[in-house]
>>> print(open('data-v9.pdb').read())   # PDB, C-alpha atoms and all ligand atoms
MODEL        1
ATOM      1  CA  MET A   1      28.939   4.055 -18.117
ATOM      2  CA  SER A   2      26.023   6.438 -17.619
ATOM      3  CA  ARG A   3      24.108   6.638 -14.376
ATOM      4  CA  ARG A   4      20.389   6.023 -14.661
ATOM      5  CA  ARG A   5      18.179   9.026 -14.269
ATOM      6  CA  GLN A   6      16.165   9.489 -11.095
ATOM      7  CA  ILE A   7      12.650  10.699 -11.847
ATOM      8  CA  TYR A   8      11.259  11.063  -8.337
ATOM      9  CA  GLU A   9      12.103  10.259  -4.733
ATOM     10  CA  GLY A  10       9.251   9.635  -2.311
ATOM     11  CA  LYS A  11       9.223   8.670   1.352
ATOM     12  CA  ALA A  12       9.415   4.912   0.762
ATOM     13  CA  LYS A  13      10.367   4.570  -2.917
ATOM     14  CA  ILE A  14      12.528   5.992  -5.673
ATOM     15  CA  LEU A  15      11.501   6.020  -9.325
ATOM     16  CA  TYR A  16      14.162   5.757 -12.033
ATOM     17  CA  GLU A  17      13.858   6.007 -15.785
ATOM     18  CA  GLY A  18      13.119   2.533 -17.201
ATOM     19  CA  PRO A  19      14.892   0.680 -20.014
ATOM     20  CA  GLU A  20      12.167   1.436 -22.561
ATOM     21  CA  PRO A  21      10.003   4.502 -23.119
ATOM     22  CA  GLY A  22       6.882   4.382 -20.958
ATOM     23  CA  THR A  23       8.548   2.293 -18.247
ATOM     24  CA  LEU A  24      10.017   3.131 -14.847
ATOM     25  CA  ILE A  25      12.024   1.247 -12.247
ATOM     26  CA  GLN A  26      10.442   1.374  -8.805
ATOM     27  CA  TYR A  27      13.011   0.991  -5.988
ATOM     28  CA  PHE A  28      11.748   0.094  -2.497
ATOM     29  CA  LYS A  29      13.586   1.732   0.422
ATOM     30  CA  ASP A  30      13.689   0.673   4.085
ATOM     31  CA  ASP A  31      12.811   4.233   5.132
ATOM     32  CA  ALA A  32       9.593   4.639   7.067
ATOM     33  CA  THR A  33       7.744   7.836   7.845
ATOM     34  CA  ALA A  34       4.518   8.601   9.651
ATOM     35  CA  PHE A  35       2.345  11.594  10.511
ATOM     36  CA  ASN A  36       3.253  13.456   7.340
ATOM     37  CA  ALA A  37       6.984  12.687   7.793
ATOM     38  CA  GLN A  38       7.123  14.167  11.314
ATOM     39  CA  LYS A  39       8.237  10.706  12.479
ATOM     40  CA  LYS A  40      11.086   9.132  10.549
ATOM     41  CA  GLY A  41      12.859   5.806  10.873
ATOM     42  CA  THR A  42      13.945   2.624   9.191
ATOM     43  CA  ILE A  43      12.343  -0.771   9.108
ATOM     44  CA  GLN A  44      15.181  -3.179   8.316
ATOM     45  CA  GLY A  45      14.444  -5.235   5.193
ATOM     46  CA  LYS A  46      11.075  -3.536   4.581
ATOM     47  CA  GLY A  47      11.932  -2.602   1.002
ATOM     48  CA  VAL A  48      12.747  -6.193   0.070
ATOM     49  CA  ILE A  49       9.542  -7.519   1.619
ATOM     50  CA  ASN A  50       7.282  -4.808   0.198
ATOM     51  CA  ASN A  51       8.742  -5.411  -3.263
ATOM     52  CA  ARG A  52       7.795  -9.105  -2.984
ATOM     53  CA  ILE A  53       4.366  -8.552  -1.428
ATOM     54  CA  SER A  54       3.449  -5.875  -3.958
ATOM     55  CA  GLU A  55       4.625  -8.093  -6.825
ATOM     56  CA  TYR A  56       2.459 -10.915  -5.512
ATOM     57  CA  VAL A  57      -0.679  -8.811  -5.037
ATOM     58  CA  PHE A  58      -0.391  -6.890  -8.314
ATOM     59  CA  THR A  59       0.249 -10.100 -10.272
ATOM     60  CA  ARG A  60      -2.832 -11.714  -8.781
ATOM     61  CA  LEU A  61      -4.908  -8.579  -9.357
ATOM     62  CA  ASN A  62      -3.822  -8.667 -12.976
ATOM     63  CA  HIS A  63      -5.106 -12.250 -13.194
ATOM     64  CA  ILE A  64      -8.556 -11.169 -12.025
ATOM     65  CA  GLY A  65      -8.632  -8.277 -14.492
ATOM     66  CA  VAL A  66      -7.637  -5.281 -12.380
ATOM     67  CA  PRO A  67      -5.297  -3.383 -14.729
ATOM     68  CA  ASN A  68      -2.148  -2.169 -12.994
ATOM     69  CA  HIS A  69       1.307  -0.753 -13.610
ATOM     70  CA  PHE A  70       3.337  -3.819 -12.545
ATOM     71  CA  ILE A  71       5.388  -5.457 -15.321
ATOM     72  CA  ARG A  72       7.931  -7.634 -13.509
ATOM     73  CA  ARG A  73      10.227  -7.776 -10.515
ATOM     74  CA  LEU A  74      13.866  -7.072 -11.435
ATOM     75  CA  ASN A  75      15.703  -7.890  -8.208
ATOM     76  CA  MET A  76      15.341  -7.794  -4.411
ATOM     77  CA  ARG A  77      14.417  -4.115  -4.255
ATOM     78  CA  GLU A  78      13.317  -3.144  -7.747
ATOM     79  CA  GLN A  79      10.445  -3.733 -10.094
ATOM     80  CA  LEU A  80       9.719  -2.612 -13.624
ATOM     81  CA  VAL A  81       6.447  -0.708 -13.911
ATOM     82  CA  ARG A  82       4.520   1.216 -16.553
ATOM     83  CA  GLN A  83       4.920   4.958 -16.371
ATOM     84  CA  VAL A  84       1.620   6.605 -15.501
ATOM     85  CA  GLU A  85       0.382  10.123 -14.992
ATOM     86  CA  ILE A  86      -0.405   9.911 -11.291
ATOM     87  CA  ILE A  87      -3.885  11.073 -10.270
ATOM     88  CA  PRO A  88      -3.271  13.196  -7.147
ATOM     89  CA  ILE A  89      -5.742  11.317  -4.973
ATOM     90  CA  GLU A  90      -5.251   8.704  -2.267
ATOM     91  CA  VAL A  91      -8.158   6.267  -2.284
ATOM     92  CA  VAL A  92      -8.762   4.709   1.144
ATOM     93  CA  VAL A  93     -11.020   1.664   1.486
ATOM     94  CA  ARG A  94     -12.263   0.808   4.984
ATOM     95  CA  ASN A  95     -13.961  -2.332   6.281
ATOM     96  CA  VAL A  96     -13.377  -1.789  10.008
ATOM     97  CA  ALA A  97     -12.972   1.482  11.955
ATOM     98  CA  ALA A  98      -9.345   2.348  12.761
ATOM     99  CA  GLY A  99      -6.893   5.220  12.482
ATOM    100  CA  SER A 100      -8.134   8.562  11.234
ATOM    101  CA  ILE A 101     -11.833   7.644  10.940
ATOM    102  CA  SER A 102     -11.870   6.605  14.588
ATOM    103  CA  LYS A 103     -10.159   9.815  15.602
ATOM    104  CA  ARG A 104     -12.306  12.014  13.365
ATOM    105  CA  LEU A 105     -15.715  10.505  14.140
ATOM    106  CA  GLY A 106     -15.153   8.897  17.537
ATOM    107  CA  ILE A 107     -15.905   5.373  16.289
ATOM    108  CA  PRO A 108     -14.068   2.812  18.441
ATOM    109  CA  GLU A 109     -11.181   1.062  16.678
ATOM    110  CA  GLY A 110     -12.188  -2.445  15.678
ATOM    111  CA  ASP A 111     -15.889  -1.670  15.100
ATOM    112  CA  MET A 112     -17.074  -3.295  11.895
ATOM    113  CA  LEU A 113     -18.409  -0.595   9.568
ATOM    114  CA  PRO A 114     -22.044  -1.065   8.417
ATOM    115  CA  HIS A 115     -20.667  -1.262   4.875
ATOM    116  CA  THR A 116     -17.367  -0.747   3.101
ATOM    117  CA  LEU A 117     -16.418   2.921   2.857
ATOM    118  CA  ILE A 118     -14.357   4.616   0.165
ATOM    119  CA  GLU A 119     -12.733   7.917   1.080
ATOM    120  CA  TYR A 120     -10.598  10.296  -0.955
ATOM    121  CA  TYR A 121      -7.617  12.387   0.166
ATOM    122  CA  TYR A 122      -5.801  15.031  -1.852
ATOM    123  CA  LYS A 123      -2.142  14.004  -2.275
ATOM    124  CA  ASP A 124      -0.298  17.052  -1.021
ATOM    125  CA  ASP A 125       2.360  16.730   1.677
ATOM    126  CA  ALA A 126       2.402  20.471   2.396
ATOM    127  CA  LEU A 127      -1.335  20.343   3.166
ATOM    128  CA  GLY A 128      -1.072  17.018   5.065
ATOM    129  CA  ASP A 129      -3.148  15.041   2.500
ATOM    130  CA  PRO A 130      -6.564  16.542   3.425
ATOM    131  CA  MET A 131      -9.727  14.478   3.050
ATOM    132  CA  ILE A 132     -11.836  15.581   0.107
ATOM    133  CA  ALA A 133     -15.233  14.807  -1.423
ATOM    134  CA  GLU A 134     -15.836  13.606  -4.984
ATOM    135  CA  GLU A 135     -17.212  17.098  -5.601
ATOM    136  CA  HIS A 136     -13.738  18.565  -5.016
ATOM    137  CA  ILE A 137     -12.196  16.055  -7.414
ATOM    138  CA  ARG A 138     -14.615  17.075 -10.161
ATOM    139  CA  CYS A 139     -14.544  20.785  -9.316
ATOM    140  CA  PHE A 140     -10.744  21.015  -9.559
ATOM    141  CA  GLY A 141     -10.475  18.584 -12.485
ATOM    142  CA  TRP A 142      -8.220  16.049 -10.718
ATOM    143  CA  ALA A 143     -10.206  13.208 -12.327
ATOM    144  CA  GLY A 144     -13.269  12.997 -14.555
ATOM    145  CA  HIS A 145     -16.643  11.430 -13.807
ATOM    146  CA  ASP A 146     -15.945   8.224 -15.757
ATOM    147  CA  GLU A 147     -12.463   7.959 -14.259
ATOM    148  CA  MET A 148     -13.937   8.175 -10.751
ATOM    149  CA  GLN A 149     -16.435   5.466 -11.642
ATOM    150  CA  ASP A 150     -13.570   3.204 -12.785
ATOM    151  CA  ILE A 151     -11.532   4.023  -9.668
ATOM    152  CA  ALA A 152     -14.405   3.191  -7.293
ATOM    153  CA  ASP A 153     -15.173  -0.062  -9.193
ATOM    154  CA  MET A 154     -11.505  -1.120  -9.063
ATOM    155  CA  ALA A 155     -11.190  -0.182  -5.381
ATOM    156  CA  ILE A 156     -14.162  -2.422  -4.504
ATOM    157  CA  ARG A 157     -12.792  -5.293  -6.589
ATOM    158  CA  VAL A 158      -9.366  -4.959  -4.976
ATOM    159  CA  ASN A 159     -11.032  -4.963  -1.557
ATOM    160  CA  ASP A 160     -13.122  -8.079  -2.290
ATOM    161  CA  PHE A 161     -10.071  -9.898  -3.593
ATOM    162  CA  MET A 162      -7.754  -8.838  -0.765
ATOM    163  CA  CYS A 163     -10.287  -9.591   1.999
ATOM    164  CA  GLY A 164     -10.389 -13.185   0.712
ATOM    165  CA  MET A 165      -6.661 -13.414   0.103
ATOM    166  CA  PHE A 166      -5.815 -12.263   3.634
ATOM    167  CA  ALA A 167      -8.655 -14.202   5.329
ATOM    168  CA  ALA A 168      -7.146 -17.363   3.844
ATOM    169  CA  ILE A 169      -3.981 -16.696   5.885
ATOM    170  CA  ASP A 170      -5.832 -15.641   9.047
ATOM    171  CA  ILE A 171      -5.421 -11.914   8.528
ATOM    172  CA  ARG A 172      -8.243  -9.377   8.760
ATOM    173  CA  LEU A 173      -8.039  -6.569   6.205
ATOM    174  CA  ILE A 174      -9.064  -3.477   8.163
ATOM    175  CA  ASP A 175      -8.345  -0.768   5.575
ATOM    176  CA  PHE A 176      -5.862   0.209   2.877
ATOM    177  CA  LYS A 177      -4.788   2.993   0.548
ATOM    178  CA  LEU A 178      -4.595   2.820  -3.256
ATOM    179  CA  GLU A 179      -3.220   5.167  -5.897
ATOM    180  CA  PHE A 180      -4.176   5.293  -9.552
ATOM    181  CA  GLY A 181      -2.670   6.755 -12.710
ATOM    182  CA  ARG A 182      -3.501   7.421 -16.343
ATOM    183  CA  ILE A 183      -1.888   5.798 -19.324
ATOM    184  CA  TRP A 184      -2.307   7.424 -22.717
ATOM    185  CA  ASP A 185      -2.889   5.872 -26.116
ATOM    186  CA  GLY A 186      -2.995   8.787 -28.543
ATOM    187  CA  ASP A 187      -5.816  11.051 -27.384
ATOM    188  CA  PHE A 188      -7.370   8.381 -25.185
ATOM    189  CA  SER A 189      -6.473   7.629 -21.599
ATOM    190  CA  ARG A 190      -7.251   4.770 -19.241
ATOM    191  CA  VAL A 191      -6.959   4.581 -15.464
ATOM    192  CA  ILE A 192      -4.879   1.781 -13.941
ATOM    193  CA  LEU A 193      -3.806   0.886 -10.417
ATOM    194  CA  ALA A 194      -0.300   2.163  -9.545
ATOM    195  CA  ASP A 195       2.070   2.626  -6.575
ATOM    196  CA  GLU A 196       2.277  -0.434  -4.257
ATOM    197  CA  ILE A 197       0.189  -2.652  -2.007
ATOM    198  CA  SER A 198       2.077  -3.671   1.130
ATOM    199  CA  PRO A 199       1.846  -3.491   4.946
ATOM    200  CA  ASP A 200       3.001   0.144   4.595
ATOM    201  CA  GLY A 201      -0.414   1.175   3.256
ATOM    202  CA  CYS A 202      -2.753  -1.467   4.722
ATOM    203  CA  ARG A 203      -3.999  -2.254   8.215
ATOM    204  CA  LEU A 204      -3.661  -6.000   8.742
ATOM    205  CA  TRP A 205      -4.722  -7.618  12.020
ATOM    206  CA  ASP A 206      -4.207 -11.217  13.007
ATOM    207  CA  MET A 207      -7.650 -12.843  12.801
ATOM    208  CA  HIS A 208      -7.387 -14.532  16.215
ATOM    209  CA  THR A 209      -5.141 -12.364  18.390
ATOM    210  CA  GLY A 210      -5.835  -8.966  16.819
ATOM    211  CA  GLU A 211      -2.055  -8.305  16.686
ATOM    212  CA  LYS A 212      -1.179  -5.550  14.221
ATOM    213  CA  LEU A 213       0.914  -6.794  11.292
ATOM    214  CA  ASP A 214       1.426  -3.469   9.517
ATOM    215  CA  LYS A 215       2.956  -0.016   9.690
ATOM    216  CA  ASP A 216       0.910   0.914  12.769
ATOM    217  CA  ARG A 217       3.604  -0.993  14.722
ATOM    218  CA  PHE A 218       6.009   1.774  13.636
ATOM    219  CA  ARG A 219       3.494   4.632  13.861
ATOM    220  CA  ARG A 220       2.467   3.679  17.398
ATOM    221  CA  ASP A 221       5.897   2.594  18.692
ATOM    222  CA  LEU A 222       4.740  -0.985  19.264
ATOM    223  CA  GLY A 223       8.039  -2.513  18.119
ATOM    224  CA  GLY A 224       8.388  -5.715  16.117
ATOM    225  CA  GLU A 225       7.726  -4.075  12.763
ATOM    226  CA  GLU A 226      10.394  -6.106  10.905
ATOM    227  CA  GLU A 227       8.928  -9.333  12.287
ATOM    228  CA  ALA A 228       5.365  -8.271  11.453
ATOM    229  CA  TYR A 229       6.172  -7.505   7.790
ATOM    230  CA  GLN A 230       8.062 -10.798   7.555
ATOM    231  CA  GLU A 231       5.121 -12.634   9.033
ATOM    232  CA  VAL A 232       2.763 -11.287   6.363
ATOM    233  CA  ALA A 233       5.229 -12.354   3.641
ATOM    234  CA  ARG A 234       5.719 -15.749   5.285
ATOM    235  CA  ARG A 235       1.987 -16.427   5.493
ATOM    236  CA  LEU A 236       1.628 -15.465   1.829
ATOM    237  CA  GLY A 237       4.264 -18.118   1.082
ATOM    238  CA  LEU A 238       6.843 -15.573  -0.087
ATOM    239  CA  LEU A 239       9.631 -16.347   2.389
ATOM    240  CA  GLN A 240      11.797 -19.369   2.735
ATOM    241  CA  ASP A 241      10.580 -20.911   5.970
ATOM    242  CA  ASP A 242      14.005 -21.359   7.560
ATOM    243  CA  ASN A 243      12.605 -22.166  10.968
ATOM    244  CA  GLY A 244      10.366 -24.946   9.795
ATOM    245  CA  PRO A 245       6.604 -24.911   9.477
ATOM    246  CA  SER A 246       5.933 -25.070  13.204
ATOM    247  CA  GLU A 247       7.639 -21.730  13.934
ATOM    248  CA  VAL A 248       4.851 -19.221  14.499
ATOM    249  CA  PHE A 249       5.297 -15.487  14.795
ATOM    250  CA  ASP A 250       5.165 -14.732  18.490
ATOM    251  CA  LEU A 251       4.919 -11.039  19.293
ATOM    252  CA  SER A 252       4.750 -11.598  23.048
ATOM    253  CA  LYS A 253       8.094 -13.437  22.818
ATOM    254  CA  HIS A 254       9.409 -10.519  20.786
ATOM    255  CA  ARG A 255       8.233  -8.029  23.408
ATOM    256  CA  LYS A 256       9.943  -9.973  26.166
ATOM    257  CA  LEU A 257      13.143  -9.996  24.145
ATOM    258  CA  ARG A 258      12.910  -6.231  23.779
ATOM    259  CA  GLY A 259      12.070  -5.858  27.456
ATOM    260  CA  LYS A 260       8.590  -4.375  26.796
TER     261      LYS A 260
HETATM  262  P1  LIG B 301      -5.829   6.550   8.043
HETATM  263  O1  LIG B 301      -6.631   7.538   7.244
HETATM  264  O2  LIG B 301      -6.676   5.807   9.025
HETATM  265  O3  LIG B 301      -4.604   7.145   8.641
HETATM  266  O4  LIG B 301      -5.284   5.459   6.982
HETATM  267  C1  LIG B 301      -6.170   4.577   6.329
HETATM  268  C2  LIG B 301      -5.360   3.518   5.596
HETATM  269  O5  LIG B 301      -4.690   4.114   4.490
HETATM  270  C3  LIG B 301      -4.275   2.854   6.423
HETATM  271  O6  LIG B 301      -4.183   1.496   6.039
HETATM  272  C4  LIG B 301      -3.009   3.582   6.054
HETATM  273  O7  LIG B 301      -1.889   2.716   6.120
HETATM  274  C5  LIG B 301      -3.289   3.996   4.624
HETATM  275  N1  LIG B 301      -2.732   5.311   4.310
HETATM  276  C6  LIG B 301      -3.354   6.517   4.337
HETATM  277  N2  LIG B 301      -2.511   7.499   3.969
HETATM  278  C7  LIG B 301      -1.335   6.911   3.708
HETATM  279  C8  LIG B 301      -0.063   7.411   3.277
HETATM  280  O8  LIG B 301       0.143   8.600   3.031
HETATM  281  N3  LIG B 301       0.928   6.498   3.134
HETATM  282  C9  LIG B 301       0.726   5.163   3.379
HETATM  283  N4  LIG B 301       1.768   4.309   3.240
HETATM  284  N5  LIG B 301      -0.458   4.658   3.759
HETATM  285  C10 LIG B 301      -1.477   5.530   3.933
ENDMDL
END
>>> encode(input="data-v9.pdb", output="structure tokens")
Amino acid sequence: MSRRRQIYEGKAKILYEGPEPGTLIQYFKDDATAFNAQKKGTIQGKGVINNRISEYVFTRLNHIGVPNHFIRRLNMREQLVRQVEIIPIEVVVRNVAAGSISKRLGIPEGDMLPHTLIEYYYKDDALGDPMIAEEHIRCFGWAGHDEMQDIADMAIRVNDFMCGMFAAIDIRLIDFKLEFGRIWDGDFSRVILADEISPDGCRLWDMHTGEKLDKDRFRRDLGGEEEAYQEVARRLGLLQDDNGPSEVFDLSKHRKLRGK
């Protein structure tokens, strides 16, 4: 029996050659990193949950006409995706100030932004993913003018959809990161959404308590990251509700249990 070929290993995922040409298998790990991999750890069960959440979001985005790489989920940790030529840009959409924009510009975390912001970062670990302007993207040929137009349009549509999707389960979508890739048909290419959408790359705050339900729990040593990811999946209806419908995620109880 031959072993399948690994194409790429990232911080949170591994890509293997898929069963047909033009496909890949995306494997979700429990590994978590932050601050350009200076902080490393594991979030137990994260890979399984992110696989499910990403499947759910990408499937629904497909239904509203946002083209993406997702084909189908294969098992607990793997999904079949279309192979794309990754565009080396991280697209960050922000509704509320948090994280690096607060640090960079001194805007208090939690301040509503006057309007939704789209920012671009150059995907390069060695450089620490520096923020870039559209001018840099065009100057260095990372994406063309029409491609950037499509990317910005899709990012806004994803944001509109996800704000509603999360609001319906009492979660405020603060910001998130997207990645895009090209697929080729002869000499013509098209940009589609790729990578994943999960609490790893989104800031999700409980609408009423403001509790963080995302990777900032790991980044900021808040604890309860497993429970937070599970809570997002549970509210989306993706987990079997073993504890019955009245069981509500209680981070203060969790903190007491951990002695914090
Ligand atoms: P910030 O620039 O404030 O650190 O991040 C903005 C948003 O993009 C956050 O939701 C954050 O999770 C996401 N993000 C930015 N860069 C990365 C990255 O390299 N990996 C992941 N998983 N998310 C990122």
>>> axis_aligned_box(input="data-v9.pdb", around="ligand LIG 301 (chain B)", padding_each_side="4 Å", output="JSON")
{"center_x": -2.5, "center_y": 5.0, "center_z": 6.0, "size_x": 16.4, "size_y": 15.1, "size_z": 14.0}
>>> resolve_selection(input="data-v9.pdb", expression="the PyMOL selection byres (((chain A and resi 204-218) around 7) and not hetatm)", output="NGL selection string")
:A and (170-174 or 199-200 or 202-203 or 219-225 or 228-229 or 232)
>>> atom_distance(input="data-v9.pdb", atom1="CA of Gly65 (chain A)", atom2="CA of Gly237 (chain A)")
22.5 Å
>>> residues_near_ligand(input="data-v9.pdb", ligand="ligand LIG 301 (chain B)", cutoff="6 Å", atoms="only C-alpha atoms and all ligand atoms", output="ChimeraX atom specification")
/A:92,98-101,175-177,200-203
>>> residues_near_point(input="data-v9.pdb", point="(5.3, -9.0, 5.5)", cutoff="9 Å", atoms="all atoms listed in the file", output="list in words")
Lys46, Ile49, Asn50, Arg52, Ile53, Ser198, Pro199, Leu213, Asp214, Glu226, Glu227, Ala228, Tyr229, Gln230, Glu231, Val232, Ala233, Arg234, Arg235, Leu236 and Leu238 of chain A
>>> residues_around(input="data-v9.pdb", residues="Ile25 (chain A)", least_positions_apart="4", cutoff="6 Å", atoms="all atoms listed in the file", output="VMD selection string")
chain A and resid 15 to 16 18 79 to 80
>>> residues_around(input="data-v9.pdb", residues="Glu134 (chain A)", least_positions_apart="3", cutoff="12 Å", atoms="all atoms listed in the file", output="JSON, numbers by chain")
{"A": [89, 90, 91, 118, 119, 120, 121, 122, 131, 137, 138, 139, 140, 141, 142, 143, 144, 145, 147, 148, 149, 151, 152]}
>>> write_last_selection(input="data-v9.pdb", atoms="C-alpha atoms", output="short mmCIF file (atom, residue, chain, number, x, y, z; two decimals), in the frame of the given file")
data_model
loop_
_atom_site.label_atom_id
_atom_site.label_comp_id
_atom_site.auth_asym_id
_atom_site.auth_seq_id
_atom_site.Cartn_x
_atom_site.Cartn_y
_atom_site.Cartn_z
CA ILE A 89 -5.74 11.32 -4.97
CA GLU A 90 -5.25 8.70 -2.27
CA VAL A 91 -8.16 6.27 -2.28
CA ILE A 118 -14.36 4.62 0.16
CA GLU A 119 -12.73 7.92 1.08
CA TYR A 120 -10.60 10.30 -0.96
CA TYR A 121 -7.62 12.39 0.17
CA TYR A 122 -5.80 15.03 -1.85
CA MET A 131 -9.73 14.48 3.05
CA ILE A 137 -12.20 16.06 -7.41
CA ARG A 138 -14.62 17.08 -10.16
CA CYS A 139 -14.54 20.78 -9.32
CA PHE A 140 -10.74 21.02 -9.56
CA GLY A 141 -10.48 18.58 -12.48
CA TRP A 142 -8.22 16.05 -10.72
CA ALA A 143 -10.21 13.21 -12.33
CA GLY A 144 -13.27 13.00 -14.56
CA HIS A 145 -16.64 11.43 -13.81
CA GLU A 147 -12.46 7.96 -14.26
CA MET A 148 -13.94 8.18 -10.75
CA GLN A 149 -16.43 5.47 -11.64
CA ILE A 151 -11.53 4.02 -9.67
CA ALA A 152 -14.40 3.19 -7.29
#
>>> resolve_selection(input="data-v9.pdb", expression="the PyMOL selection byres (((chain A and resi 12) around 8) and not hetatm)", output="PyMOL selection string")
chain A and resi 10-11+13-14+28-33+47
>>> residues_around(input="data-v9.pdb", residues="region 106-115 of chain A", least_positions_apart="6", cutoff="6 Å", atoms="all atoms listed in the file", output="list in words")
Asn95, Val96, Ala97 and Ala98 of chain A
>>> residues_around(input="data-v9.pdb", residues="Met154 (chain A)", least_positions_apart="2", cutoff="12 Å", atoms="all atoms listed in the file", output="PyMOL selection string")
chain A and resi 61-62+64-68+91+93+118+147-152+156-162+178-180+191-194
>>> residues_near_point(input="data-v9.pdb", point="(4.1, -3.6, -8.2)", cutoff="9 Å", atoms="only C-alpha atoms", output="list in words")
Gln26, Asn51, Arg52, Ile53, Ser54, Glu55, Tyr56, Val57, Phe58, Thr59, Asn68, His69, Phe70, Ile71, Arg72, Arg73, Gln79, Leu80, Val81, Ala194, Asp195, Glu196 and Ile197 of chain A
>>> atom_distance(input="data-v9.pdb", atom1="CA of Leu24 (chain A)", atom2="CA of Met76 (chain A)")
16.0 Å
>>> resolve_selection(input="data-v9.pdb", expression="the PyMOL selection byres (((chain A and resi 182) around 6) and not hetatm)", output="list in words")
Val84, Glu85, Gly181, Ile183, Arg190 and Val191 of chain A
